[in-house]
Structures are given as C-alpha cells and as structure tokens.
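Asks: Just entry-v9.cif, nothing more (mmCIF, C-alpha atoms):
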```cif
data_start
loop_
_atom_site.label_atom_id
_atom_site.label_comp_id
_atom_site.auth_asym_id
_atom_site.auth_seq_id
_atom_site.Cartn_x
_atom_site.Cartn_y
_atom_site.Cartn_z
CA MET V 298 16.93 9.21 10.89
CA ALA V 299 17.99 5.63 10.20
CA GLN V 300 21.46 4.58 11.27
CA GLU V 301 24.05 4.33 8.48
CA LEU V 302 25.27 0.84 7.62
CA SER V 303 28.74 -0.65 7.77
CA TRP V 304 30.52 -1.67 4.56
CA GLU V 305 29.69 -5.31 5.35
CA LEU V 306 25.98 -4.56 5.60
CA ILE V 307 26.03 -2.35 2.51
CA GLY V 308 27.62 -5.23 0.62
CA GLU V 309 25.01 -7.63 1.92
CA ARG V 310 22.20 -5.35 0.80
CA VAL V 311 23.79 -5.11 -2.66
CA ARG V 312 23.92 -8.92 -2.78
CA LEU V 313 20.27 -9.40 -1.80
CA SER V 314 19.12 -6.61 -4.13
CA ARG V 315 21.06 -8.17 -7.01
CA ILE V 316 19.42 -11.53 -6.33
CA SER V 317 15.97 -9.94 -6.13
CA ALA V 318 16.61 -8.38 -9.56
CA GLY V 319 17.50 -11.81 -10.96
CA LEU V 320 21.07 -10.89 -11.89
CA SER V 321 24.27 -12.87 -11.49
CA GLN V 322 27.41 -11.16 -10.20
CA GLY V 323 28.80 -11.21 -13.72
CA SER V 324 25.68 -9.64 -15.25
CA MET V 325 25.59 -6.87 -12.71
CA ALA V 326 29.32 -6.24 -13.12
CA ASP V 327 28.86 -5.80 -16.87
CA ARG V 328 25.97 -3.38 -16.39
CA VAL V 329 27.76 -1.10 -13.94
CA GLY V 330 31.22 -1.32 -15.49
CA LEU V 331 33.01 -3.26 -12.76
CA GLU V 332 35.01 -6.47 -12.68
CA ARG V 333 33.13 -9.48 -11.35
CA SER V 334 35.80 -9.95 -8.67
CA MET V 335 35.19 -6.39 -7.51
CA VAL V 336 31.45 -7.07 -7.16
CA SER V 337 32.22 -10.22 -5.20
CA LYS V 338 34.50 -8.32 -2.81
CA LEU V 339 31.91 -5.55 -2.46
CA GLU V 340 29.17 -8.01 -1.51
CA ARG V 341 31.45 -9.59 1.11
CA GLY V 342 32.32 -6.19 2.57
CA LYS V 343 35.94 -6.52 1.48
CA ARG V 344 35.88 -3.52 -0.84
CA HIS V 345 34.64 0.01 -0.30
CA ILE V 346 32.56 1.67 -3.00
CA ASP V 347 32.30 5.30 -4.04
CA ALA V 348 29.09 7.28 -4.49
CA VAL V 349 29.18 7.11 -8.30
CA GLU V 350 29.50 3.32 -8.34
CA LEU V 351 26.76 2.84 -5.76
CA THR V 352 24.48 5.19 -7.67
CA ARG V 353 25.00 3.13 -10.84
CA ILE V 354 24.26 -0.08 -8.92
CA ALA V 355 21.08 1.42 -7.43
CA ARG V 356 19.92 2.54 -10.86
CA GLU V 357 20.58 -0.83 -12.50
CA LEU V 358 18.88 -2.76 -9.69
CA ASP V 359 15.96 -0.29 -9.58
CA TYR V 360 16.24 0.55 -5.89
CA PRO V 361 16.51 3.98 -4.28
CA LEU V 362 20.00 4.87 -3.14
CA SER V 363 18.78 5.14 0.47
CA HIS V 364 17.98 1.42 0.38
CA PHE V 365 21.72 0.64 0.47
CA LEU V 366 22.72 3.27 3.02
CA SER V 367 20.09 2.89 5.76
CA SER V 368 19.00 -0.08 7.83
CA PRO V 369 15.35 -1.17 7.46
CA PRO V 370 12.95 -1.08 10.41
CA ALA V 371 13.37 -4.24 12.49
CA VAL V 372 9.78 -5.26 11.84
CA VAL V 373 10.38 -5.43 8.08
CA SER V 374 13.29 -7.83 8.42
CA LYS V 375 11.84 -10.00 11.16
CA ARG V 376 12.11 -13.22 9.16
CA THR V 377 15.26 -15.16 8.15
CA PRO V 378 18.49 -13.23 8.84
CA ALA V 379 19.86 -11.77 5.60
CA SER V 380 23.21 -13.52 5.92
CA ASP V 381 21.43 -16.90 5.89
CA ILE V 382 19.51 -16.24 2.67
CA GLY V 383 20.78 -17.88 -0.50
CA GLU V 384 19.80 -17.23 -4.10
CA GLU V 385 17.30 -20.11 -4.15
CA GLU V 386 15.64 -19.19 -0.84
CA LEU V 387 15.18 -15.45 -1.37
CA ASP V 388 11.58 -14.48 -2.06
CA LYS V 389 12.32 -11.76 -4.63
CA SER V 390 8.84 -10.23 -4.57
CA ASP V 391 8.81 -10.16 -0.77
CA TYR V 392 12.26 -8.56 -0.56
CA ARG V 393 11.47 -5.78 -3.05
CA THR V 394 8.10 -5.05 -1.43
CA LYS V 395 9.73 -4.71 1.99
CA ALA V 396 12.46 -2.50 0.53
CA LEU V 397 9.93 -0.12 -1.02
CA LEU V 398 7.92 -0.07 2.20
CA ALA V 399 11.05 0.75 4.22
CA ASP V 400 11.99 3.50 1.75
CA TRP V 401 8.51 5.04 2.12
CA LEU V 402 8.87 4.94 5.91
CA ARG V 403 12.25 6.71 5.68
CA ASP V 404 10.73 9.53 3.63
CA VAL V 405 7.82 10.00 6.04
CA ARG V 406 10.24 9.88 8.97
CA GLN V 407 12.49 12.49 7.34
CA LEU V 408 9.61 14.96 7.05
CA VAL V 409 8.52 14.27 10.64
CA ASP V 410 12.08 14.73 11.91
CA GLU V 411 12.45 17.98 9.95
CA GLY V 412 9.29 19.28 11.63
CA VAL V 413 7.31 19.87 8.43
CA LEU V 414 5.00 16.87 8.92
CA GLN V 415 3.24 16.13 12.18
CA ALA V 416 2.68 12.43 12.85
CA ARG V 417 -1.01 11.73 13.39
CA PRO V 418 -2.16 9.77 16.46
CA LEU V 419 -2.61 6.11 15.52
CA LEU V 420 -6.27 5.13 15.78
CA ARG V 421 -6.45 1.66 17.34
CA PHE V 422 -9.66 -0.23 18.05
CA PRO V 423 -9.87 -0.43 21.85
CA ASP V 424 -11.26 -3.98 21.85
CA SER V 425 -9.93 -7.19 20.32
CA ALA V 426 -11.27 -8.28 16.94
CA LYS V 427 -11.41 -12.07 16.82
CA ASN V 428 -13.96 -12.54 14.05
CA GLY V 429 -15.74 -10.79 11.21
CA ASP V 430 -18.42 -9.23 13.42
CA ASP V 431 -15.76 -7.72 15.68
CA ALA V 432 -13.91 -6.40 12.64
CA ARG V 433 -17.07 -4.78 11.27
CA ASP V 434 -17.63 -3.13 14.65
CA ALA V 435 -14.07 -1.80 14.45
CA ALA V 436 -14.73 -0.37 10.98
CA LEU V 437 -17.86 1.45 12.18
CA TRP V 438 -15.94 2.66 15.24
CA LEU V 439 -13.28 4.14 12.96
CA ARG V 440 -15.87 5.75 10.70
CA ASP V 441 -17.38 7.36 13.79
CA ARG V 442 -13.96 8.61 14.95
CA LEU V 443 -13.39 10.12 11.49
CA ASP V 444 -16.90 11.63 11.51
CA ARG V 445 -17.84 9.78 8.33
CA GLY V 446 -20.99 8.00 9.50
CA THR V 447 -22.04 5.60 6.75
CA GLU V 448 -21.43 7.95 3.83
CA PRO V 449 -19.08 7.32 0.86
CA LEU V 450 -15.36 7.95 1.44
CA ASP V 451 -14.05 10.34 -1.19
CA SER V 452 -10.28 10.13 -0.72
CA LEU V 453 -9.16 6.92 0.92
CA ALA V 454 -5.58 8.22 1.10
CA GLU V 455 -6.82 11.15 3.18
CA GLU V 456 -8.94 8.94 5.48
CA CYS V 457 -5.98 6.62 6.09
CA GLU V 458 -3.83 9.65 6.85
CA ARG V 459 -6.38 10.93 9.36
CA ALA V 460 -6.27 7.52 11.04
CA GLY V 461 -2.48 7.81 11.33
CA GLN V 462 -1.38 5.69 8.37
CA TYR V 463 0.45 7.26 5.40
CA VAL V 464 -0.27 5.38 2.17
CA ALA V 465 1.83 5.56 -0.99
CA VAL V 466 0.89 4.09 -4.36
CA VAL V 467 4.04 2.55 -5.86
CA PRO V 468 4.83 -0.12 -8.47
CA LEU V 469 5.17 -3.35 -6.48
CA PRO V 470 6.19 -6.73 -7.87
CA GLU V 471 3.58 -8.95 -9.49
CA GLY V 472 1.49 -10.75 -6.88
CA ALA V 473 1.98 -8.13 -4.17
CA ASP V 474 -1.10 -6.03 -3.49
CA GLY V 475 0.28 -4.06 -0.58
CA ALA V 476 2.19 -3.99 2.69
CA SER V 477 2.17 -1.95 5.88
CA LEU V 478 4.01 -1.52 9.14
CA VAL V 479 3.97 0.44 12.38
CA ASP V 480 7.27 1.93 13.52
CA GLY V 481 6.86 3.68 16.85
CA ASP V 482 4.54 6.63 16.34
CA VAL V 483 4.48 6.35 12.53
CA ALA V 484 2.40 3.94 10.43
CA VAL V 485 2.93 3.54 6.69
CA ALA V 486 1.57 1.40 3.87
CA VAL V 487 2.25 0.86 0.18
CA VAL V 488 -0.32 -0.15 -2.43
CA ASN V 489 0.52 -1.59 -5.82
CA ALA V 490 0.17 0.99 -8.59
CA HIS V 491 -0.51 -1.80 -11.10
CA LEU V 492 -3.89 -2.58 -9.49
CA GLN V 493 -7.16 -1.23 -10.81
CA PRO V 494 -8.44 1.80 -8.80
CA GLY V 495 -11.20 -0.19 -7.08
CA ARG V 496 -8.81 -2.87 -5.95
CA ARG V 497 -6.36 -0.18 -4.91
CA ARG V 498 -9.00 1.20 -2.54
CA SER V 499 -9.72 -2.25 -1.15
CA THR V 500 -6.01 -2.86 -0.55
CA ALA V 501 -5.57 0.49 1.19
CA ALA V 502 -8.55 -0.26 3.43
CA HIS V 503 -7.13 -3.72 4.15
CA GLU V 504 -3.75 -2.28 5.16
CA LEU V 505 -5.53 0.26 7.34
CA GLY V 506 -7.27 -2.68 9.00
CA HIS V 507 -3.91 -4.09 10.07
CA LEU V 508 -3.22 -0.81 11.88
CA VAL V 509 -6.63 -0.40 13.49
CA LEU V 510 -6.89 -4.04 14.58
CA GLY V 511 -3.38 -4.05 16.01
CA ASP V 512 -1.21 -6.01 13.56
CA GLU V 513 2.28 -4.46 13.50
CA PHE V 514 3.34 -5.74 10.07
CA SER V 515 1.56 -6.91 6.95
CA ASN V 516 2.96 -8.08 3.64
CA ASP V 517 0.05 -9.10 1.42
CA ALA V 518 2.01 -10.71 -1.38
CA GLY V 519 -0.22 -13.71 -2.02
CA GLY V 520 1.14 -17.22 -2.42
CA GLY V 521 1.03 -19.85 0.30
CA VAL V 522 -0.32 -18.47 3.53
CA HIS V 523 -0.33 -20.24 6.88
CA ALA V 524 -3.82 -21.24 8.08
CA SER V 525 -3.77 -18.98 11.14
CA ARG V 526 -2.68 -16.02 9.04
CA GLN V 527 -5.34 -16.89 6.47
CA ASP V 528 -8.00 -16.67 9.19
CA ARG V 529 -6.60 -13.34 10.31
CA GLU V 530 -6.67 -12.00 6.77
CA LYS V 531 -10.38 -12.84 6.55
CA VAL V 532 -10.98 -10.77 9.69
CA VAL V 533 -9.06 -7.85 8.17
CA ASP V 534 -11.00 -8.28 4.91
CA ALA V 535 -14.25 -7.96 6.87
CA PHE V 536 -12.97 -4.69 8.34
CA ALA V 537 -12.01 -3.36 4.91
CA ALA V 538 -15.37 -4.19 3.34
CA GLU V 539 -17.33 -2.58 6.17
CA PHE V 540 -15.11 0.50 6.17
CA LEU V 541 -15.57 1.00 2.43
CA LEU V 542 -19.28 0.13 2.30
CA PRO V 543 -21.22 -0.37 5.55
CA ARG V 544 -23.64 -3.28 5.42
CA VAL V 545 -26.52 -1.15 6.59
CA LYS V 546 -26.26 0.98 3.43
CA ALA V 547 -25.91 -2.06 1.18
CA ARG V 548 -28.93 -3.80 2.66
CA GLN V 549 -31.06 -0.68 2.46
CA ALA V 550 -30.52 -0.83 -1.31
CA VAL V 551 -32.04 -4.30 -1.53
CA VAL V 552 -35.72 -3.84 -2.32
CA ARG V 553 -36.95 -7.37 -3.00
CA ARG V 554 -39.48 -6.53 -5.68
CA ASN V 555 -37.56 -7.99 -8.58
CA GLN V 556 -33.98 -8.77 -9.41
CA GLU V 557 -33.61 -5.97 -11.95
CA GLU V 558 -34.54 -3.31 -9.44
CA VAL V 559 -32.12 -4.75 -6.86
CA ARG V 560 -29.35 -4.90 -9.44
CA HIS V 561 -29.97 -1.29 -10.49
CA ASN V 562 -29.82 -0.14 -6.85
CA LEU V 563 -26.61 -2.06 -6.20
CA ILE V 564 -24.93 -0.73 -9.34
CA ARG V 565 -25.57 2.81 -8.17
CA LEU V 566 -24.31 1.94 -4.68
CA SER V 567 -21.17 0.28 -6.05
CA ALA V 568 -20.45 3.31 -8.25
CA THR V 569 -21.16 5.84 -5.49
CA TYR V 570 -18.96 4.10 -2.92
CA ARG V 571 -16.41 3.18 -5.61
CA VAL V 572 -16.06 -0.44 -4.58
CA SER V 573 -16.04 -3.65 -6.58
CA TRP V 574 -19.22 -5.43 -7.61
CA SER V 575 -18.28 -8.54 -5.64
CA LEU V 576 -17.80 -6.50 -2.45
CA THR V 577 -21.11 -4.71 -2.98
CA VAL V 578 -23.04 -7.96 -3.44
CA ARG V 579 -21.30 -9.55 -0.47
CA GLN V 580 -22.23 -6.65 1.79
CA ALA V 581 -25.83 -6.61 0.56
CA MET V 582 -26.81 -10.24 0.95
CA SER V 583 -27.89 -11.83 4.22
CA GLU V 584 -25.72 -14.37 5.98
CA GLY V 585 -25.73 -17.78 4.31
CA ASN V 586 -27.52 -16.62 1.15
CA GLY V 587 -24.46 -16.56 -1.09
CA LYS V 588 -25.39 -19.70 -3.01
CA THR V 589 -29.09 -19.06 -3.52
CA GLY V 590 -30.19 -18.63 -7.12
CA PHE V 591 -31.04 -14.95 -6.65
CA TRP V 592 -27.65 -13.93 -5.27
CA GLN V 593 -25.60 -16.29 -7.38
CA GLU V 594 -27.09 -14.75 -10.51
CA MET V 595 -26.52 -11.29 -9.06
CA LYS V 596 -22.83 -12.03 -8.51
CA ASP V 597 -22.51 -13.42 -12.03
CA ARG V 598 -24.09 -10.36 -13.66
CA ALA V 599 -21.26 -7.90 -13.12
CA PRO V 600 -22.09 -4.44 -14.52
CA THR V 601 -20.29 -2.94 -17.49
CA ALA V 602 -18.23 0.23 -17.21
CA ALA V 603 -21.00 2.08 -19.06
CA GLU V 604 -23.58 0.93 -16.50
CA PHE V 605 -21.45 2.25 -13.66
CA LYS V 606 -21.06 5.63 -15.38
CA ASP V 607 -24.74 5.83 -16.23
CA ALA V 608 -25.64 5.13 -12.58
CA LEU V 609 -23.91 8.41 -11.63
CA GLY V 610 -25.33 10.44 -14.49
CA TRP V 611 -22.07 10.32 -16.45
CA LYS V 612 -20.41 12.78 -14.06
CA PRO V 613 -16.59 12.59 -14.02
CA GLN V 614 -15.28 10.82 -10.94
CA PRO V 615 -11.95 11.50 -9.18
CA ASP V 616 -9.10 9.88 -11.05
CA LEU V 617 -7.59 7.61 -8.41
CA SER V 618 -4.72 6.74 -10.71
CA SER V 619 -3.30 10.24 -10.15
CA ILE V 620 -3.06 9.76 -6.38
CA ARG V 621 0.39 8.62 -5.29
CA VAL V 622 0.90 10.17 -1.83
CA PRO V 623 -1.52 11.51 0.80
CA PRO V 624 -2.34 15.25 0.89
CA ALA V 625 -0.69 16.25 4.19
CA TYR V 626 2.49 14.43 3.16
CA ALA V 627 2.51 16.20 -0.22
CA SER V 628 2.11 19.58 1.49
CA ALA V 629 4.97 18.68 3.86
CA VAL V 630 7.24 17.93 0.89
CA MET V 631 6.48 21.38 -0.53
CA ARG V 632 7.21 23.02 2.83
CA ALA V 633 10.51 21.17 3.02
CA LEU V 634 11.33 22.43 -0.49
CA ASP V 635 10.37 26.02 0.37
CA ASP V 636 12.52 25.88 3.51
CA ASP V 637 15.52 24.60 1.51
CA LEU V 638 15.53 21.35 3.49
CA ILE V 639 15.44 19.37 0.25
CA GLY V 640 16.11 20.10 -3.42
CA THR V 641 13.77 19.82 -6.39
CA ALA V 642 15.09 16.40 -7.44
CA ARG V 643 14.54 15.05 -3.94
CA ALA V 644 11.03 16.55 -3.84
CA VAL V 645 10.13 14.80 -7.10
CA GLU V 646 11.51 11.54 -5.73
CA MET V 647 9.54 11.85 -2.49
CA MET V 648 6.30 12.57 -4.39
CA ARG V 649 6.58 9.21 -6.20
CA GLY V 650 5.34 10.30 -9.59
CA GLN V 651 2.54 12.58 -8.45
CA VAL V 652 4.49 15.51 -9.90
CA THR V 653 7.13 15.73 -12.60
CA PRO V 654 10.30 17.86 -12.71
CA ASP V 655 8.85 20.25 -15.28
CA GLU V 656 6.00 21.12 -12.90
CA PHE V 657 8.58 22.88 -10.73
CA ASP V 658 9.90 24.98 -13.62
CA GLU V 659 9.08 28.68 -13.49
CA GLU V 660 7.06 29.93 -16.45
#
```
Would you kindly transcribe this structure into structure tokens?
Replies:
Amino acid sequence: MAQELSWELIGERVRLSRISAGLSQGSMADRVGLERSMVSKLERGKRHIDAVELTRIARELDYPLSHFLSSPPAVVSKRTPASDIGEEELDKSDYRTKALLADWLRDVRQLVDEGVLQARPLLRFPDSAKNGDDARDAALWLRDRLDRGTEPLDSLAEECERAGQYVAVVPLPEGADGASLVDGDVAVAVVNAHLQPGRRRSTAAHELGHLVLGDEFSNDAGGGVHASRQDREKVVDAFAAEFLLPRVKARQAVVRRNQEEVRHNLIRLSATYRVSWSLTVRQAMSEGNGKTGFWQEMKDRAPTAAEFKDALGWKPQPDLSSIRVPPAYASAVMRALDDDLIGTARAVEMMRGQVTPDEFDEE
C-alpha cells in the first residue's frame, strides 16, 4: 500500500487541490467551517487536522479522502515539484486527472495486495514502434495474443484487462480524454465518462497503446503538445485505430462499384466494430487518397444514428455508458466484500458508479 504522508505533505496536497478547484483560502474556509488562518497553517503543515475536518475538505474539493493521505506514484508527479507550483502555474485539469488516475491505481493495488485480484502480465510489443506501420503491426500482434484475429471487440474494458491494463471510466475535467500509467507490475488507465461511447472506446484503445508500445505515462489532456510528443501520439493513434478496426477488414468492405454501395458497407462495418465514422473511413481508404473527391465526400457524409441502427437490424447493442470498471476488478471487489476486507460503502466507492448502495440491500 502507498506510504502515508507527513503533515507537511498533507497540507501541500490540500493547497494544490484547493487551487485545482478554483477556491481561495477564504472560500474554502467558509465552506468547511474553519478560520482562514487555520487553513493557511494547515497548508503550510503548521497545524494538524482531524478526520472529520479532512473529510469535509475532501468532500468540498471533490477528491477522494485517500488523495490526501497517500503519496501518488512517482511517475504521475514527474513534472514540476509540488512545492514550486503557484496558483497561476498549476494546470488544474492536469492535476485533477493525475489525482483520479492515482486514486484508481491505489484501488487496484489494494485488491492485488489483499489477494483477491491477480495482476495480469503486461503485454508489451517485443519490437520498437517508430511509425504508423510499426504501430499497426503491434496492434495485430496484440490481437493475435488475445486470440481476437480481426473480429469485432465486444468489451474493450475486458480486452484491456486481458492485456494487463485496468481501465476505469470516471468524470475527468473538460479537455482530458484519458490518462494511463505503469507502476511496477500494474498498469491502469482512466477514460473520461463525459465522452460519447465511441470516443470512449477510442480513448481506451489509445491508452492501451501507451502500455503495449512501452510508454510509462500518458496524460492526454489536449492543449499545447510538444512536437516530439505530437509525433508519438500519432503513432499511438495508429495503434488504436488498427486495434479497434483492422485495415484488412475495412478495405474488404470497399467494393468500388458505386459510392452508395461503399457507404452502405462502411456504415455496417462502423456499427459492427462500434467505431467512429471518421476512423472507419480512414482505415478503409488507401494511402494518400484522403483528399480525392470520392473519399472526401465519403468523410463528409457521416451516417445518422438511425442508419447505424438499421445497419445492425435494429438489435440492441451493449450500453457502454454502464461500464465503469473492468469485469475481473468488479468481481475482486465483491470477493473483498464477501471476505469482510472492505465494507459496503467502500465497495460502492471502488465500483465508481457501476453499482449503487441500494443494489446491496437485501430484499
């Protein structure tokens, strides 16, 4: 389990969390019923705090209590030292995303340490991936390791779990699609619950790409990105697209008789593989053909929701919005509950909205 923090570090985490929530010391003091001077002393490590006060602070700042009591993995805090960060310099979205990622790692680690969840071997591509072609090879290699061939992936959360990465769907700040990290023998990722299901799948596949291709930490929060990182993200994007929809399947759907027939085939493919229209078209077209009249019109003619449903015969599809944690993790939470390792409230917290307290009530 993570090492407990000193009062100085607890105070520093309160300070950074307050800043990330956009509150002044005075505003936070009013909300939690403390004097501003007491908050100031707390943030400087000059005043101890009891459990009730810290719980109120955690609730008002919308962070889990464990965020203030445990140190984050070193890889999450690898940038500017916390003590050097001022209110103007703190990237609030970045800080909250890292905090939620670290909290997810702590929960996975707890279940592993308790022996109710077995960490999966991390599947790493044995070769380097320097460009898009290498990344697509890595995606097909992973599909082969998972025995998925070129067929549609039903539960992406389950496939990521089988590859060694535990993915949670949580509400991230605006502009943050997802983040992931590798901590020893455990790999975790978070995906923004505010995204549409298709984009959620793409983000999960992208974060899986960081694991498979060997990147230890990813925080895909948008904004200004260094050129070298931008190039790397394109490589990871190529992995994600190929993992979700192999090119060979997309190009088999392109029967160049007329545009309407091609479009109909691609709509069915997009619906079956549950990927975006833009990804489907990109995987289907030949290199360098993106700006030809045929493909430009195809990209512009995005299908309606009704067309997608009609392509699958109006059969109900899995509701991805209900998936919050991967299946083996969820089963481990229930085992921990049955073994009295955790209580019901903690189980609900660890399931991140996939179950509600009343679902544990006896009828």
Asks: Name the residues in contact with region 650-654 of chain V at a cut-off of 10 Å, using only C-alpha atoms, excluding same-chain residues fewer than 5 positions from it; report them as a ChimeraX atom specification.
Replies: /V:466-467,618-622,627,641-642,644-645
Asks: Could those residues be written to a file, using C-alpha atoms, as an mmCIF file, keeping the file's coordinate frame?
Replies:
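out_21.cif written:
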```
data_model
loop_
_atom_site.group_PDB
_atom_site.id
_atom_site.type_symbol
_atom_site.label_atom_id
_atom_site.label_comp_id
_atom_site.auth_asym_id
_atom_site.auth_seq_id
_atom_site.Cartn_x
_atom_site.Cartn_y
_atom_site.Cartn_z
ATOM 1 C CA VAL V 466 0.890 4.090 -4.360
ATOM 2 C CA VAL V 467 4.040 2.550 -5.860
ATOM 3 C CA SER V 618 -4.720 6.740 -10.710
ATOM 4 C CA SER V 619 -3.300 10.240 -10.150
ATOM 5 C CA ILE V 620 -3.060 9.760 -6.380
ATOM 6 C CA ARG V 621 0.390 8.620 -5.290
ATOM 7 C CA VAL V 622 0.900 10.170 -1.830
ATOM 8 C CA ALA V 627 2.510 16.200 -0.220
ATOM 9 C CA THR V 641 13.770 19.820 -6.390
ATOM 10 C CA ALA V 642 15.090 16.400 -7.440
ATOM 11 C CA ALA V 644 11.030 16.550 -3.840
ATOM 12 C CA VAL V 645 10.130 14.800 -7.100
#
```
Asks: Find the residue from V:Ala432, V:Val488, V:Val329, V:Ile346 that sits nearest to Leu397 (chain V); use only C-alpha atoms when measuring.
Replies: V:Val488
Asks: Could you tell me which residues the PyMOL selection byres ((chain V and resi 561) around 12) returns for this structure, as JSON, numbers by chain?
Replies: {"V": [550, 551, 552, 553, 554, 555, 556, 557, 558, 559, 560, 562, 563, 564, 565, 566, 567, 568, 574, 578, 595, 598, 599, 600, 604, 605, 607, 608, 609]}
Asks: May I ask which of the residues V:Glu340, V:Asp658, V:Trp611, V:Ser575 is the closest one to Glu594 (chain V), counting all atoms listed in the file?
Replies: V:Ser575
Asks: Can you tell me which residues surround Val572 (chain V) at a distance of at most 10 Å, considering only C-alpha atoms, apart from same-chain residues fewer than 5 positions away, and format the answer as a list in words?
Replies: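 With the cut-off at 10 Å, the set is Pro449, Pro494, Gly495, Arg496, Arg497, Arg498, Ser499, Ala538, Leu541, Leu542, Leu566, Ser567 and Thr577 of chain V.
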Asks: Output region 499-511 of chain V with N, CA and C atoms present, as a PDB file, in the coordinates of the input.
Replies:
```
ATOM      1  N   SER V 499      -9.527  -1.108  -2.043  1.00  0.00           N
ATOM      2  CA  SER V 499      -9.720  -2.250  -1.150  1.00  0.00           C
ATOM      3  C   SER V 499      -8.419  -2.604  -0.429  1.00  0.00           C
ATOM      4  N   THR V 500      -7.303  -2.545  -1.159  1.00  0.00           N
ATOM      5  CA  THR V 500      -6.010  -2.860  -0.550  1.00  0.00           C
ATOM      6  C   THR V 500      -5.638  -1.832   0.498  1.00  0.00           C
ATOM      7  N   ALA V 501      -5.865  -0.553   0.206  1.00  0.00           N
ATOM      8  CA  ALA V 501      -5.570   0.490   1.190  1.00  0.00           C
ATOM      9  C   ALA V 501      -6.409   0.306   2.443  1.00  0.00           C
ATOM     10  N   ALA V 502      -7.682  -0.031   2.270  1.00  0.00           N
ATOM     11  CA  ALA V 502      -8.550  -0.260   3.430  1.00  0.00           C
ATOM     12  C   ALA V 502      -8.099  -1.490   4.208  1.00  0.00           C
ATOM     13  N   HIS V 503      -7.638  -2.506   3.495  1.00  0.00           N
ATOM     14  CA  HIS V 503      -7.130  -3.720   4.150  1.00  0.00           C
ATOM     15  C   HIS V 503      -5.892  -3.396   4.987  1.00  0.00           C
ATOM     16  N   GLU V 504      -4.952  -2.639   4.418  1.00  0.00           N
ATOM     17  CA  GLU V 504      -3.750  -2.280   5.160  1.00  0.00           C
ATOM     18  C   GLU V 504      -4.086  -1.402   6.354  1.00  0.00           C
ATOM     19  N   LEU V 505      -5.080  -0.539   6.206  1.00  0.00           N
ATOM     20  CA  LEU V 505      -5.530   0.260   7.340  1.00  0.00           C
ATOM     21  C   LEU V 505      -6.086  -0.646   8.437  1.00  0.00           C
ATOM     22  N   GLY V 506      -6.746  -1.727   8.028  1.00  0.00           N
ATOM     23  CA  GLY V 506      -7.270  -2.680   9.000  1.00  0.00           C
ATOM     24  C   GLY V 506      -6.190  -3.289   9.863  1.00  0.00           C
ATOM     25  N   HIS V 507      -5.016  -3.543   9.275  1.00  0.00           N
ATOM     26  CA  HIS V 507      -3.910  -4.090  10.070  1.00  0.00           C
ATOM     27  C   HIS V 507      -3.495  -3.109  11.164  1.00  0.00           C
ATOM     28  N   LEU V 508      -3.547  -1.813  10.857  1.00  0.00           N
ATOM     29  CA  LEU V 508      -3.220  -0.810  11.880  1.00  0.00           C
ATOM     30  C   LEU V 508      -4.291  -0.768  12.955  1.00  0.00           C
ATOM     31  N   VAL V 509      -5.534  -0.602  12.541  1.00  0.00           N
ATOM     32  CA  VAL V 509      -6.630  -0.400  13.490  1.00  0.00           C
ATOM     33  C   VAL V 509      -6.837  -1.624  14.378  1.00  0.00           C
ATOM     34  N   LEU V 510      -6.662  -2.814  13.810  1.00  0.00           N
ATOM     35  CA  LEU V 510      -6.890  -4.040  14.580  1.00  0.00           C
ATOM     36  C   LEU V 510      -5.660  -4.488  15.360  1.00  0.00           C
ATOM     37  N   GLY V 511      -4.532  -3.801  15.159  1.00  0.00           N
ATOM     38  CA  GLY V 511      -3.380  -4.050  16.010  1.00  0.00           C
ATOM     39  C   GLY V 511      -2.308  -4.948  15.473  1.00  0.00           C
TER      40      GLY V 511
END
```
